[in-house]
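Chemist: Sharing a structure with you now.
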Amino acid sequence: MLYLQKAARTDGRDVYEMLQRIPDTPFLDASYQMAWEDFPNWVAHRVEMADGVGLPEGWVPSTTFWLMDDSVPVALSCLRHRLTDALREGGGSIGYAVDATKRKMGYGKALLELMIQEARRMGITEELLVTIHPDNIPSRRVAEANGGVLRRETAERVYYWFA
Ligand SMILES: CC(C)(COP(=O)(O)OP(=O)(O)OC[C@H]1O[C@@H](n2cnc3c(N)ncnc32)[C@H](O)[C@@H]1OP(=O)(O)O)[C@@H](O)C(=O)NCCC(=O)NCCS
């Protein structure tokens with residue numbers, strides 16, 4: 001069964017090891033190739049970010065989730081609680097990445113579907129945005145499969161909106 005699990009200070013080796021299999025993470029702070037010793041502080045910071053604690057200037061709270069498949073972490077995602085002008089330009093509302101050894105198995109599509117549901121459950125009512133590099137076909141398919149409406153295209157990004 002697939003479900004989302006919020007990042008927590010109790011996260012352990014299974015999450016850490018999944019992160020080491022995601023070289024192309026959407027997180028701006030490094031999770032790939034981080035030392036195991038640094039993981040507790042890293043994950044604690046992700047937890048604080050959800051509560052708006054310790055955010056760099058101009059950042060909005062964001063909640064980190066792991067996609068779990070029968071208690072095995074297989075993907076990560078972050079949900080920004082609201083959009084800013086900067087996020088509207090790049091970054092959007094939701095970022096996601098799947099364990100590189102587990103791609104093309106449907107996890108990406110399922111993850112975005114669960115994240116959109118979760119955003120609504122959390123009371124986020126504004127339209128959600130996913131920004132994608134134009135050449136990132138897998139991510140575009142994930143967005144399109146979830147009803148994303150392509151409203152803008154630039155050389156750097158395509159912009160999919162979710163009502
Ligand atoms: C984008 C990403 C999340 C997709 O995850 P995934 O679990 O492989 O996605 P799915 O299995 O649900 O596949 C989605 C679609 O993309 C297709 N796809 C997946 N990998 C592909 C590839 N390398 N080349 C072409 N198509 C691919 C799948 O066949 C599927 O197509 P379909 O619509 O015909 O069924 C994953 O590739 C990833 O983590 N990429 C790195 C991080 C990233 O780019 N994140 C998005 C930032 S906006």
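Every chain in the structure tokens has a letter given in the order shown (A, B, ...), and although residue numbers restart at 1 in each chain, ligands are simply numbered from 1 in the order shown.
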Just asking: which residues within chain A are strand (DSSP E or B) according to DSSP, as a PyMOL selection string?
Modeler: chain A and resi 2-6+62-69+72-80+94-98+128-132+149-153+158-162
Chemist: How would the residues just picked look written out with C-alpha atoms as a short mmCIF file (atom, residue, chain, number, x, y, z; two decimals), in the first residue's frame?
Modeler:
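Below is the file selection.cif, written as the result:
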```cif
data_model
loop_
_atom_site.label_atom_id
_atom_site.label_comp_id
_atom_site.auth_asym_id
_atom_site.auth_seq_id
_atom_site.Cartn_x
_atom_site.Cartn_y
_atom_site.Cartn_z
CA LEU A 2 1.25 3.48 -0.87
CA TYR A 3 1.02 6.33 1.62
CA LEU A 4 2.75 9.56 2.59
CA GLN A 5 4.76 9.81 5.77
CA LYS A 6 5.78 13.19 7.11
CA SER A 62 7.32 23.57 3.52
CA THR A 63 6.52 20.06 4.65
CA THR A 64 8.64 17.11 3.60
CA PHE A 65 7.08 13.72 2.97
CA TRP A 66 8.37 10.30 2.09
CA LEU A 67 6.33 8.08 -0.19
CA MET A 68 6.11 4.73 1.54
CA ASP A 69 5.37 1.44 -0.18
CA VAL A 72 9.63 1.08 2.57
CA PRO A 73 10.55 4.69 1.61
CA VAL A 74 10.65 4.99 -2.19
CA ALA A 75 10.42 8.73 -2.94
CA LEU A 76 10.49 12.18 -1.43
CA SER A 77 8.39 15.26 -1.90
CA CYS A 78 8.08 18.69 -0.40
CA LEU A 79 5.01 20.86 -0.25
CA ARG A 80 5.38 24.61 0.08
CA ILE A 94 5.49 20.75 -4.95
CA GLY A 95 8.85 19.14 -5.63
CA TYR A 96 9.37 15.40 -5.90
CA ALA A 97 11.89 12.70 -6.76
CA VAL A 98 11.82 8.93 -6.78
CA LEU A 128 -0.81 24.32 -6.94
CA LEU A 129 2.12 24.77 -9.28
CA VAL A 130 4.75 22.32 -10.47
CA THR A 131 7.64 23.78 -12.47
CA ILE A 132 9.65 21.42 -14.63
CA VAL A 149 -2.68 22.35 -16.99
CA LEU A 150 0.27 23.73 -18.93
CA ARG A 151 -0.10 27.51 -18.80
CA ARG A 152 3.37 28.83 -19.50
CA GLU A 153 6.55 27.67 -21.19
CA VAL A 158 7.26 24.58 -18.10
CA TYR A 159 4.51 25.49 -15.60
CA TYR A 160 1.76 23.02 -14.73
CA TRP A 161 -1.13 24.20 -12.57
CA PHE A 162 -3.52 22.08 -10.53
#
```
Chemist: Which polymer residues have any atom within 8 Å of an atom of Asp99 in chain A, counting only C-alpha atoms, with same-chain residues fewer than 2 positions away left out, as a ChimeraX atom specification?
Modeler: /A:18-19,21-22,74-75,97,101-103
Chemist: Extract the full set of helix (DSSP H, G or I) residues from range 26-101 of chain A according to DSSP on the backbone, and format it as a list in words.
Modeler: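 Checking each residue of range 26-101 of chain A, the helix (DSSP H, G or I) ones are Trp36, Glu37, Asp38, Phe39, Pro40, Asn41, Trp42, Val43, Ala44, His45, Arg46, Val47, Glu48, Met49, Ala50, Asp85, Ala86, Leu87, Arg88, Glu89, Ala100 and Thr101 of chain A.
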Chemist: Convert the current residue selection to file output with C-alpha atoms, as a short mmCIF file (atom, residue, chain, number, x, y, z; two decimals), in the first residue's frame.
Modeler:
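Output file again_11.cif follows:
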```cif
data_model
loop_
_atom_site.label_atom_id
_atom_site.label_comp_id
_atom_site.auth_asym_id
_atom_site.auth_seq_id
_atom_site.Cartn_x
_atom_site.Cartn_y
_atom_site.Cartn_z
CA TRP A 36 25.04 9.55 8.02
CA GLU A 37 26.22 11.57 11.05
CA ASP A 38 24.73 14.69 9.50
CA PHE A 39 21.35 13.13 8.81
CA PRO A 40 19.70 13.77 12.24
CA ASN A 41 20.36 17.52 11.98
CA TRP A 42 19.29 17.58 8.36
CA VAL A 43 16.01 15.86 9.01
CA ALA A 44 15.40 17.98 12.12
CA HIS A 45 15.78 21.04 9.93
CA ARG A 46 13.24 19.64 7.45
CA VAL A 47 10.82 19.15 10.34
CA GLU A 48 11.38 22.73 11.52
CA MET A 49 10.83 24.07 8.01
CA ALA A 50 7.29 22.72 8.14
CA ASP A 85 6.64 35.48 -6.64
CA ALA A 86 9.96 33.62 -6.59
CA LEU A 87 8.27 30.20 -6.35
CA ARG A 88 5.87 31.16 -9.14
CA GLU A 89 8.94 31.74 -11.30
CA ALA A 100 16.62 6.22 -8.86
CA THR A 101 16.52 2.42 -8.62
#
```
Chemist: Report as number ranges by chain all protein, DNA and RNA residues lying within 9 Å of Lys104 in chain A, evaluated on only C-alpha atoms, omitting residues in the same chain fewer than 3 positions from it.
Modeler: A: 107-108, 138
Chemist: Counting only C-alpha atoms and all ligand atoms, figure out which residue out of A:Glu127, A:Asp24, A:Asp14, A:Glu118 gets nearest to ligand 1.
Modeler: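 Checking each of A:Glu127, A:Asp24, A:Asp14, A:Glu118 against ligand 1, counting only C-alpha atoms and all ligand atoms, the winner is A:Asp24.
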Chemist: Considering only C-alpha atoms, return as a list of chain:residue names whatever protein or nucleic-acid residues lie within 8 Å of Arg82 in chain A, sequence-local ones (same chain, fewer than 6 positions apart) excluded.
Modeler: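 Contacts, in chain order: A:Val60, A:Pro61, A:Ser93, A:Ile124, A:Glu126.
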Chemist: Output C-alpha atoms of each residue in that selection to a file, as a compact mmCIF listing (two decimals), in the first residue's frame.
Modeler:
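Saved the output as again.txt:
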```txt
# COMPACT_ATOMS: atom_id res chain seq x y z
CA VAL A 60 7.83 29.91 3.14
CA PRO A 61 7.12 26.88 5.35
CA SER A 93 4.31 24.35 -4.77
CA ILE A 124 -4.13 24.76 1.16
CA GLU A 126 -4.76 27.96 -3.74
```
Chemist: Please determine, counting only C-alpha atoms, which residue among A:Arg141, A:His81, A:Arg13, A:His133 has the shortest atom-to-atom distance to Ala110 in chain A.
Modeler: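 Ranking A:Arg141, A:His81, A:Arg13, A:His133 by distance to Ala110 in chain A, first place goes to A:Arg141.
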Chemist: Tell me which of A:Arg140, A:Arg157, A:Arg121, A:Lys109 sits closest to ligand 1, counting only C-alpha atoms and all ligand atoms.
Modeler: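 Among the listed residues, the smallest separation from ligand 1 belongs to A:Lys109.
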Chemist: Between CA of Arg120 in chain A and atom 10 (P, counted along the ligand's line) of ligand 1, measure the distance and give it in Å to one decimal.
Modeler: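 Taking CA of Arg120 in chain A and atom 10 (P, counted along the ligand's line) of ligand 1, their separation equals 22.4 Å.
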Chemist: Name the closest residue to ligand 1 among the candidates A:Ala119, A:Ala155, A:Met105, A:Ala143; distances are taken between atoms, counting only C-alpha atoms and all ligand atoms.
Modeler: A:Met105
Chemist: When distances are computed from only C-alpha atoms, which of A:Ala163, A:Ile137, A:Ala8, A:Leu83 shows the smallest separation from Gln117 in chain A?
Modeler: A:Ala163
Chemist: May I ask for the distance between atom 29 (O, counted along the ligand's line) of ligand 1 and CA of Asp29 in chain A, given in Å to one decimal place?
Modeler: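 Answer for the atom 29 (O, counted along the ligand's line) of ligand 1 to CA of Asp29 in chain A separation: 28.4 Å.
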